[in-house]
Amino acid sequence: MYRGKRISVVIPCHNEEDGIAAVMAQMPSIIDEVVVVDNNSTDRTAEIATAAGARVVTETRKGYGYAHKAGYAAAKGDIIVTMDGDGTYPPDSVPLLLYVMLEEKVDFITARRWYSKSGEVKSPIRLLGNAILSGTMMALYFKFIIDSQSGMWMFKKEILPELDLTSNGMALSEEIKIEAFTHPGIRCLEMPIYYGARIGESKLNIWRDGFYNLFFLVKKRFMLRKKQPRLRVVEPIRTATAEAAEPIERRAAN
Ligand SMILES: Nc1nc2c(ncn2[C@@H]2O[C@H](COP(=O)(O)OP(=O)(O)O)[C@@H](O)[C@H]2O)c(=O)[nH]1
Ligand SMILES: [Mg+2]
């Protein structure tokens, strides 16, 4: 619980028995629940996650996007935070990101992998792939997001119905950022975080996922629907005479 908001962490996992316990061990106390989405694991991911205090939900349709969407549906919190089950994203940074989210009245924050505390450097091919994908996303959508492929973001659950998430695979990461950042009624921010060394093997198929994500960026550009500003509930101004006034709904100014 943080400032009256329940906080859920959603972690998609496909065979992360080595990483998930380490990630769980670092969860700060303000986290109300951790939802581990077991995506067709053949190892002890579910068992280890349960023992570490996570609620495990099963998604049998294989894919990062399927796993995320199952996790969002199961999460009970007011704010959902995502990260991988492999030790690369720091649970330690959740309190700071939450502080900024509530202080600045932001609805969606994506975490930019800034540099590794452990000194581990990403492979040149990953860095190049990331640069190409993020550059393409900026050019196509005119949004300044440096790390389009980050797996850590957080959002207020109330905005979920506004996000049109069509990807069932790795492209969900870029898609959710596009959907949020291009929405006129959703306030977004990218914030830097440290990242750590990966525990266990990467599940990414660099070439296949890389090219598919590039193709998806272009396809999505044509599919992107113009969205209306969000309906927000505006509290009435409390005066002595207007005590009993009902909340009124109106379209948000931005
Ligand atoms: N690639 C992939 N990852 C999945 C899938 N389902 C769940 N995951 C999890 O999603 C996270 C991201 O995958 P990962 O291998 O870490 O990709 P990377 O961070 O780009 O190296 C990990 O926690 C995976 O276990 C899936 O079908 N494909
Ligand atoms: Mg990862």
# chains A, B, ... in the order shown; residues from 1 in each chain; ligands from 1
$ residues_around --residues "Val35 (chain A)" --least-positions-apart "4" --cutoff "6 Å" --atoms "only C-alpha atoms" --output "ChimeraX atom specification"
/A:10,54-56
$ select_by_dssp --residues "region 80-237 of chain A" --states "alpha helix (DSSP H)" --output "VMD selection string"
chain A and resid 94 to 103 124 to 141 172 to 181 206 to 223
$ residues_around --residues "Met137 (chain A)" --least-positions-apart "2" --cutoff "9 Å" --atoms "only C-alpha atoms" --output "PDB file with C-alpha atoms, in the first residue's frame"
ATOM      1  CA  ILE A 132      16.893   0.926 -34.283  1.00  0.00           C
ATOM      2  CA  LEU A 133      13.571   0.050 -32.646  1.00  0.00           C
ATOM      3  CA  SER A 134      13.485   3.116 -30.407  1.00  0.00           C
ATOM      4  CA  GLY A 135      14.573   5.410 -33.275  1.00  0.00           C
ATOM      5  CA  ALA A 139      10.154   8.751 -36.017  1.00  0.00           C
ATOM      6  CA  LEU A 140       6.789   7.076 -36.569  1.00  0.00           C
ATOM      7  CA  TYR A 141       4.967   8.326 -33.495  1.00  0.00           C
ATOM      8  CA  PHE A 142       6.770  11.588 -32.625  1.00  0.00           C
ATOM      9  CA  LYS A 143       7.160  10.503 -29.016  1.00  0.00           C
ATOM     10  CA  PHE A 144      10.496  10.778 -27.233  1.00  0.00           C
ATOM     11  CA  ILE A 145      10.964   7.355 -25.619  1.00  0.00           C
ATOM     12  CA  SER A 148      11.083   1.360 -26.267  1.00  0.00           C
ATOM     13  CA  GLU A 174       6.391  -1.193 -27.371  1.00  0.00           C
ATOM     14  CA  ILE A 178       2.613   3.748 -27.891  1.00  0.00           C
ATOM     15  CA  LEU A 214      10.088  -3.522 -36.179  1.00  0.00           C
ATOM     16  CA  LEU A 217       5.807  -0.675 -35.175  1.00  0.00           C
ATOM     17  CA  VAL A 218       4.968   0.022 -38.821  1.00  0.00           C
TER      18      VAL A 218
END
$ residues_near_ligand --ligand "ligand 1" --cutoff "9 Å" --atoms "only C-alpha atoms and all ligand atoms" --output "NGL selection string"
:A and (11-16 or 19-20 or 37-41 or 59 or 61-68 or 83-88 or 126 or 149-151 or 168-170 or 198 or 200-206 or 209)
$ write_last_selection --atoms "N, CA and C atoms" --output "short mmCIF file (atom, residue, chain, number, x, y, z; two decimals), in the first residue's frame"
data_model
loop_
_atom_site.label_atom_id
_atom_site.label_comp_id
_atom_site.auth_asym_id
_atom_site.auth_seq_id
_atom_site.Cartn_x
_atom_site.Cartn_y
_atom_site.Cartn_z
N ILE A 11 4.60 -10.18 -13.05
CA ILE A 11 5.86 -10.71 -13.62
C ILE A 11 5.55 -11.88 -14.56
N PRO A 12 5.71 -11.68 -15.89
CA PRO A 12 5.52 -12.79 -16.81
C PRO A 12 6.74 -13.70 -16.74
N CYS A 13 6.52 -14.98 -16.64
CA CYS A 13 7.65 -15.91 -16.50
C CYS A 13 7.52 -17.13 -17.40
N HIS A 14 8.56 -17.38 -18.14
CA HIS A 14 8.67 -18.64 -18.86
C HIS A 14 10.00 -19.26 -18.44
N ASN A 15 9.93 -20.27 -17.62
CA ASN A 15 11.14 -20.95 -17.11
C ASN A 15 12.12 -19.99 -16.44
N GLU A 16 11.69 -19.39 -15.36
CA GLU A 16 12.57 -18.46 -14.62
C GLU A 16 12.82 -18.96 -13.20
N GLY A 19 15.70 -17.09 -11.54
CA GLY A 19 15.58 -15.66 -11.28
C GLY A 19 14.47 -15.25 -10.33
N ILE A 20 13.35 -15.98 -10.36
CA ILE A 20 12.16 -15.47 -9.68
C ILE A 20 12.33 -15.34 -8.16
N VAL A 37 2.94 -14.70 -13.63
CA VAL A 37 2.18 -15.39 -14.67
C VAL A 37 3.07 -16.49 -15.24
N ASP A 38 2.70 -17.69 -14.94
CA ASP A 38 3.48 -18.84 -15.40
C ASP A 38 3.04 -19.17 -16.82
N ASN A 39 3.96 -18.93 -17.75
CA ASN A 39 3.65 -19.09 -19.16
C ASN A 39 4.31 -20.36 -19.69
N ASN A 40 3.61 -21.49 -19.51
CA ASN A 40 4.11 -22.78 -20.03
C ASN A 40 5.48 -23.18 -19.53
N SER A 41 5.81 -22.87 -18.30
CA SER A 41 7.12 -23.26 -17.78
C SER A 41 7.19 -24.77 -17.61
N GLU A 59 -0.99 -19.02 -17.63
CA GLU A 59 -1.42 -18.65 -18.99
C GLU A 59 -0.81 -19.70 -19.91
N ARG A 61 -1.41 -20.01 -23.23
CA ARG A 61 -1.07 -19.53 -24.57
C ARG A 61 0.31 -18.89 -24.50
N LYS A 62 1.26 -19.42 -25.23
CA LYS A 62 2.63 -18.96 -25.08
C LYS A 62 2.82 -17.59 -25.72
N GLY A 63 3.43 -16.70 -24.99
CA GLY A 63 3.71 -15.37 -25.52
C GLY A 63 3.76 -14.34 -24.41
N TYR A 64 4.71 -13.43 -24.56
CA TYR A 64 4.93 -12.37 -23.56
C TYR A 64 3.67 -11.49 -23.41
N GLY A 65 3.03 -11.21 -24.54
CA GLY A 65 1.82 -10.37 -24.50
C GLY A 65 0.66 -11.09 -23.82
N TYR A 66 0.48 -12.36 -24.15
CA TYR A 66 -0.57 -13.14 -23.48
C TYR A 66 -0.33 -13.14 -21.97
N ALA A 67 0.95 -13.33 -21.59
CA ALA A 67 1.28 -13.43 -20.17
C ALA A 67 0.97 -12.11 -19.47
N HIS A 68 1.35 -10.99 -20.08
CA HIS A 68 1.07 -9.69 -19.48
C HIS A 68 -0.43 -9.48 -19.29
N MET A 83 7.68 -6.16 -14.36
CA MET A 83 9.13 -6.40 -14.49
C MET A 83 9.32 -7.86 -14.91
N ASP A 84 10.54 -8.21 -15.33
CA ASP A 84 10.83 -9.59 -15.72
C ASP A 84 11.15 -10.43 -14.48
N GLY A 85 11.09 -11.72 -14.65
CA GLY A 85 11.42 -12.61 -13.53
C GLY A 85 12.87 -13.04 -13.56
N ASP A 86 13.74 -12.13 -13.99
CA ASP A 86 15.13 -12.54 -14.22
C ASP A 86 16.19 -11.67 -13.53
N GLY A 87 15.76 -10.76 -12.67
CA GLY A 87 16.73 -9.95 -11.92
C GLY A 87 17.26 -8.72 -12.64
N THR A 88 16.77 -8.47 -13.87
CA THR A 88 17.31 -7.32 -14.60
C THR A 88 16.70 -5.98 -14.16
N ARG A 126 22.27 -6.28 -29.22
CA ARG A 126 21.08 -5.83 -28.48
C ARG A 126 21.00 -4.31 -28.45
N GLN A 149 11.96 -0.81 -25.55
CA GLN A 149 11.85 -2.26 -25.29
C GLN A 149 11.95 -2.62 -23.81
N SER A 150 11.95 -1.62 -22.95
CA SER A 150 12.04 -1.92 -21.52
C SER A 150 10.85 -2.79 -21.07
N GLY A 151 11.13 -3.69 -20.17
CA GLY A 151 10.07 -4.57 -19.64
C GLY A 151 9.53 -4.09 -18.31
N ASN A 168 0.28 -10.16 -28.76
CA ASN A 168 0.34 -11.26 -27.79
C ASN A 168 1.77 -11.71 -27.54
N GLY A 169 2.70 -11.06 -28.23
CA GLY A 169 4.10 -11.44 -28.11
C GLY A 169 4.96 -10.34 -27.51
N MET A 170 6.25 -10.35 -27.85
CA MET A 170 7.19 -9.39 -27.29
C MET A 170 6.84 -7.94 -27.64
N ARG A 198 21.34 -10.46 -15.84
CA ARG A 198 20.26 -11.44 -15.97
C ARG A 198 20.63 -12.75 -15.28
N GLY A 200 19.77 -16.60 -15.23
CA GLY A 200 19.14 -17.57 -16.15
C GLY A 200 19.23 -17.09 -17.59
N GLU A 201 18.74 -17.96 -18.47
CA GLU A 201 18.90 -17.67 -19.91
C GLU A 201 17.80 -16.77 -20.47
N SER A 202 18.20 -15.89 -21.40
CA SER A 202 17.23 -15.03 -22.05
C SER A 202 16.28 -15.86 -22.90
N LYS A 203 15.01 -15.48 -22.89
CA LYS A 203 14.02 -16.21 -23.69
C LYS A 203 13.80 -15.51 -25.03
N LEU A 204 14.55 -14.45 -25.22
CA LEU A 204 14.38 -13.65 -26.43
C LEU A 204 15.04 -14.34 -27.62
N ASN A 205 14.34 -14.34 -28.75
CA ASN A 205 14.95 -14.78 -30.00
C ASN A 205 15.29 -13.48 -30.73
N ILE A 206 16.56 -13.03 -30.58
CA ILE A 206 16.92 -11.67 -30.97
C ILE A 206 16.49 -11.31 -32.39
N ASP A 209 12.40 -11.85 -32.88
CA ASP A 209 11.64 -10.85 -32.11
C ASP A 209 11.99 -9.43 -32.56
#
$ residues_around --residues "Ser29 (chain A)" --least-positions-apart "4" --cutoff "10 Å" --atoms "only C-alpha atoms" --output "list of chain:residue names"
A:Met1, A:Tyr2, A:Glu33, A:Pro95
$ select_by_dssp --residues "region 47-103 of chain A" --states "strand (DSSP E)" --output "PyMOL selection string"
chain A and resi 55-59+79-82
$ closest_residue --among "A:Thr82, A:Thr136, A:Thr182, A:Thr166" --to "ligand 2" --atoms "only C-alpha atoms and all ligand atoms"
A:Thr82
$ atom_distance --atom1 "CA of Phe216 (chain A)" --atom2 "CA of Pro124 (chain A)"
22.5 Å
$ closest_residue --among "A:Phe222, A:Tyr89, A:Phe155, A:Trp207" --to "ligand 2" --atoms "only C-alpha atoms and all ligand atoms"
A:Tyr89
$ residues_around --residues "Gly196 (chain A)" --least-positions-apart "4" --cutoff "9 Å" --atoms "only C-alpha atoms" --output "ChimeraX atom specification"
/A:87-90,115-120
$ atom_distance --atom1 "CA of Glu103 (chain A)" --atom2 "CA of Glu162 (chain A)"
22.3 Å
$ closest_residue --among "A:Arg113, A:Lys177, A:Lys157, A:Lys227" --to "ligand 2" --atoms "only C-alpha atoms and all ligand atoms"
A:Arg113
$ residues_around --residues "Ile7 (chain A)" --least-positions-apart "3" --cutoff "7 Å" --atoms "only C-alpha atoms" --output "list in words"
Met1, Ile31, Asp32, Glu33, Gly77, Asp78, Ile79 and Ile80 of chain A
$ closest_residue --among "A:Lys156, A:Ala74, A:Thr58, A:Pro91" --to "Met24 (chain A)" --atoms "only C-alpha atoms"
A:Pro91
$ atom_distance --atom1 "CA of Pro161 (chain A)" --atom2 "CA of Arg6 (chain A)"
18.5 Å
$ residues_around --residues "Leu160 (chain A)" --least-positions-apart "4" --cutoff "12 Å" --atoms "only C-alpha atoms" --output "PyMOL selection string"
chain A and resi 69+72-73+75+78-80+107-108+154-156+164-165+176+179-180+183+186+230
$ write_last_selection --atoms "N, CA and C atoms" --output "CSV table (one decimal), in the first residue's frame"
chain,number,residue,atom,x,y,z
A,69,LYS,N,-1.2,-9.8,-20.3
A,69,LYS,CA,-2.6,-9.5,-20.3
A,69,LYS,C,-3.3,-10.3,-19.2
A,72,TYR,N,-2.6,-8.7,-15.9
A,72,TYR,CA,-3.3,-7.4,-15.6
A,72,TYR,C,-4.8,-7.8,-15.2
A,73,ALA,N,-5.3,-8.9,-15.8
A,73,ALA,CA,-6.7,-9.3,-15.5
A,73,ALA,C,-6.7,-9.8,-14.1
A,75,ALA,N,-4.6,-9.0,-11.6
A,75,ALA,CA,-4.1,-8.1,-10.5
A,75,ALA,C,-5.2,-7.3,-9.9
A,78,ASP,N,-4.5,-1.0,-7.5
A,78,ASP,CA,-4.9,0.3,-8.1
A,78,ASP,C,-3.8,0.7,-9.1
A,79,ILE,N,-2.6,0.3,-8.8
A,79,ILE,CA,-1.4,0.5,-9.7
A,79,ILE,C,-0.7,-0.8,-10.0
A,80,ILE,N,-0.4,-1.0,-11.3
A,80,ILE,CA,0.2,-2.2,-11.7
A,80,ILE,C,1.7,-1.9,-12.1
A,107,ASP,N,0.0,9.0,-15.2
A,107,ASP,CA,-0.8,7.8,-15.2
A,107,ASP,C,0.0,6.6,-15.6
A,108,PHE,N,1.1,6.9,-16.4
A,108,PHE,CA,1.9,5.8,-16.9
A,108,PHE,C,3.4,6.2,-16.9
A,154,MET,N,4.9,1.1,-15.2
A,154,MET,CA,3.8,1.1,-14.2
A,154,MET,C,2.6,2.0,-14.6
A,155,PHE,N,1.4,1.6,-14.3
A,155,PHE,CA,0.3,2.4,-14.7
A,155,PHE,C,-0.9,2.2,-13.7
A,156,LYS,N,-1.7,3.2,-13.7
A,156,LYS,CA,-2.9,3.2,-12.9
A,156,LYS,C,-3.9,2.2,-13.6
A,164,ASP,N,-5.5,-0.2,-26.2
A,164,ASP,CA,-5.9,-1.2,-27.2
A,164,ASP,C,-4.7,-2.1,-27.4
A,165,LEU,N,-4.6,-3.2,-26.6
A,165,LEU,CA,-3.4,-4.0,-26.7
A,165,LEU,C,-3.7,-5.2,-27.6
A,176,ILE,N,2.3,-1.0,-25.6
A,176,ILE,CA,1.6,-0.4,-24.5
A,176,ILE,C,2.2,1.0,-24.3
A,179,GLU,N,0.4,3.1,-27.0
A,179,GLU,CA,-1.0,3.4,-26.7
A,179,GLU,C,-1.1,4.5,-25.6
A,180,ALA,N,-0.2,4.4,-24.6
A,180,ALA,CA,-0.3,5.3,-23.5
A,180,ALA,C,0.2,6.7,-23.9
A,183,HIS,N,-2.1,8.7,-26.2
A,183,HIS,CA,-3.4,9.0,-25.8
A,183,HIS,C,-3.5,10.4,-25.2
A,186,ILE,N,-3.9,10.6,-21.2
A,186,ILE,CA,-3.0,9.8,-20.3
A,186,ILE,C,-1.7,10.5,-20.2
A,230,ARG,N,-10.0,11.4,-21.9
A,230,ARG,CA,-10.6,10.5,-21.0
A,230,ARG,C,-11.7,11.2,-20.2
$ decode --residues "region 53-193 of chain A" --atoms "C-alpha atoms" --output "compact mmCIF listing (two decimals), in the first residue's frame"
# COMPACT_ATOMS: atom_id res chain seq x y z
CA GLY A 53 4.85 -15.44 -1.55
CA ALA A 54 3.63 -14.73 -5.09
CA ARG A 55 0.16 -15.51 -6.42
CA VAL A 56 0.74 -17.65 -9.48
CA VAL A 57 -1.67 -17.51 -12.38
CA THR A 58 -1.32 -19.78 -15.36
CA GLU A 59 -1.42 -18.65 -18.99
CA THR A 60 -1.14 -21.56 -21.37
CA ARG A 61 -1.07 -19.53 -24.57
CA LYS A 62 2.63 -18.96 -25.08
CA GLY A 63 3.71 -15.37 -25.52
CA TYR A 64 4.93 -12.37 -23.56
CA GLY A 65 1.82 -10.37 -24.50
CA TYR A 66 -0.57 -13.14 -23.48
CA ALA A 67 1.28 -13.43 -20.17
CA HIS A 68 1.07 -9.69 -19.48
CA LYS A 69 -2.63 -9.47 -20.27
CA ALA A 70 -3.41 -12.46 -18.03
CA GLY A 71 -1.46 -10.74 -15.25
CA TYR A 72 -3.34 -7.44 -15.62
CA ALA A 73 -6.67 -9.27 -15.49
CA ALA A 74 -5.65 -11.06 -12.29
CA ALA A 75 -4.07 -8.06 -10.54
CA LYS A 76 -6.20 -6.48 -7.82
CA GLY A 77 -4.15 -3.33 -7.25
CA ASP A 78 -4.90 0.28 -8.14
CA ILE A 79 -1.43 0.55 -9.67
CA ILE A 80 0.24 -2.21 -11.68
CA VAL A 81 4.02 -2.46 -11.94
CA THR A 82 5.69 -4.86 -14.38
CA MET A 83 9.13 -6.40 -14.49
CA ASP A 84 10.83 -9.59 -15.72
CA GLY A 85 11.42 -12.61 -13.53
CA ASP A 86 15.13 -12.54 -14.22
CA GLY A 87 16.73 -9.95 -11.92
CA THR A 88 17.31 -7.32 -14.60
CA TYR A 89 14.82 -4.77 -13.26
CA PRO A 90 15.23 -3.36 -9.74
CA PRO A 91 12.25 -3.74 -7.38
CA ASP A 92 14.15 -1.17 -5.27
CA SER A 93 13.20 1.59 -7.67
CA VAL A 94 9.44 0.98 -7.35
CA PRO A 95 8.98 3.37 -4.37
CA LEU A 96 10.67 6.24 -6.22
CA LEU A 97 8.67 5.65 -9.40
CA LEU A 98 5.45 5.53 -7.36
CA TYR A 99 6.38 8.73 -5.56
CA VAL A 100 6.86 10.52 -8.87
CA MET A 101 3.68 9.01 -10.33
CA LEU A 102 1.50 10.31 -7.53
CA GLU A 103 3.36 13.55 -6.92
CA GLU A 104 3.31 14.56 -10.60
CA LYS A 105 -0.15 13.06 -11.25
CA VAL A 106 1.18 10.81 -13.99
CA ASP A 107 -0.83 7.80 -15.21
CA PHE A 108 1.89 5.77 -16.92
CA ILE A 109 5.63 5.58 -16.27
CA THR A 110 8.04 3.54 -18.35
CA ALA A 111 11.46 2.76 -16.88
CA ARG A 112 14.45 3.48 -19.08
CA ARG A 113 17.38 1.13 -18.52
CA TRP A 114 20.10 3.62 -17.80
CA TYR A 115 23.18 1.69 -16.80
CA SER A 116 24.05 -1.47 -14.99
CA LYS A 117 25.23 -1.26 -11.41
CA SER A 118 26.92 -4.62 -11.83
CA GLY A 119 29.03 -3.26 -14.69
CA GLU A 120 27.48 -5.70 -17.16
CA VAL A 121 27.19 -4.22 -20.63
CA LYS A 122 24.48 -5.28 -23.06
CA SER A 123 25.68 -7.06 -26.18
CA PRO A 124 26.36 -4.79 -29.19
CA ILE A 125 23.67 -6.53 -31.19
CA ARG A 126 21.08 -5.83 -28.48
CA LEU A 127 22.19 -2.20 -28.19
CA LEU A 128 21.95 -1.76 -31.95
CA GLY A 129 18.57 -3.48 -32.10
CA ASN A 130 17.28 -1.31 -29.29
CA ALA A 131 18.54 1.85 -30.97
CA ILE A 132 16.89 0.93 -34.28
CA LEU A 133 13.57 0.05 -32.65
CA SER A 134 13.49 3.12 -30.41
CA GLY A 135 14.57 5.41 -33.27
CA THR A 136 11.87 3.99 -35.51
CA MET A 137 9.26 4.41 -32.80
CA MET A 138 10.26 8.04 -32.27
CA ALA A 139 10.15 8.75 -36.02
CA LEU A 140 6.79 7.08 -36.57
CA TYR A 141 4.97 8.33 -33.49
CA PHE A 142 6.77 11.59 -32.62
CA LYS A 143 7.16 10.50 -29.02
CA PHE A 144 10.50 10.78 -27.23
CA ILE A 145 10.96 7.35 -25.62
CA ILE A 146 14.58 6.27 -25.39
CA ASP A 147 14.02 2.67 -24.28
CA SER A 148 11.08 1.36 -26.27
CA GLN A 149 11.85 -2.26 -25.29
CA SER A 150 12.04 -1.92 -21.52
CA GLY A 151 10.07 -4.57 -19.64
CA MET A 152 9.44 -2.37 -16.63
CA TRP A 153 6.57 0.08 -16.53
CA MET A 154 3.78 1.06 -14.16
CA PHE A 155 0.29 2.39 -14.71
CA LYS A 156 -2.92 3.16 -12.87
CA LYS A 157 -5.25 0.25 -13.51
CA GLU A 158 -8.08 2.66 -14.33
CA ILE A 159 -6.42 3.51 -17.67
CA LEU A 160 -6.33 -0.13 -18.83
CA PRO A 161 -9.66 0.01 -20.74
CA GLU A 162 -8.21 2.93 -22.74
CA LEU A 163 -5.29 0.85 -24.03
CA ASP A 164 -5.86 -1.17 -27.19
CA LEU A 165 -3.39 -4.02 -26.68
CA THR A 166 -3.38 -6.24 -29.74
CA SER A 167 0.04 -7.87 -29.43
CA ASN A 168 0.34 -11.26 -27.79
CA GLY A 169 4.10 -11.44 -28.11
CA MET A 170 7.19 -9.39 -27.29
CA ALA A 171 5.77 -6.37 -29.17
CA LEU A 172 3.40 -5.77 -26.27
CA SER A 173 6.18 -3.79 -24.60
CA GLU A 174 6.39 -1.19 -27.37
CA GLU A 175 2.64 -1.31 -27.99
CA ILE A 176 1.62 -0.40 -24.45
CA LYS A 177 4.01 2.59 -24.54
CA ILE A 178 2.61 3.75 -27.89
CA GLU A 179 -0.96 3.39 -26.67
CA ALA A 180 -0.27 5.34 -23.49
CA PHE A 181 1.97 8.07 -24.93
CA THR A 182 -0.31 8.84 -27.89
CA HIS A 183 -3.44 9.01 -25.76
CA PRO A 184 -4.48 12.63 -25.16
CA GLY A 185 -5.90 11.85 -21.73
CA ILE A 186 -3.05 9.78 -20.31
CA ARG A 187 -0.09 11.54 -18.73
CA CYS A 188 3.16 9.69 -19.35
CA LEU A 189 6.79 9.85 -18.31
CA GLU A 190 9.98 7.91 -18.94
CA MET A 191 12.29 7.62 -15.93
CA PRO A 192 15.77 6.14 -15.64
CA ILE A 193 16.50 3.06 -13.53
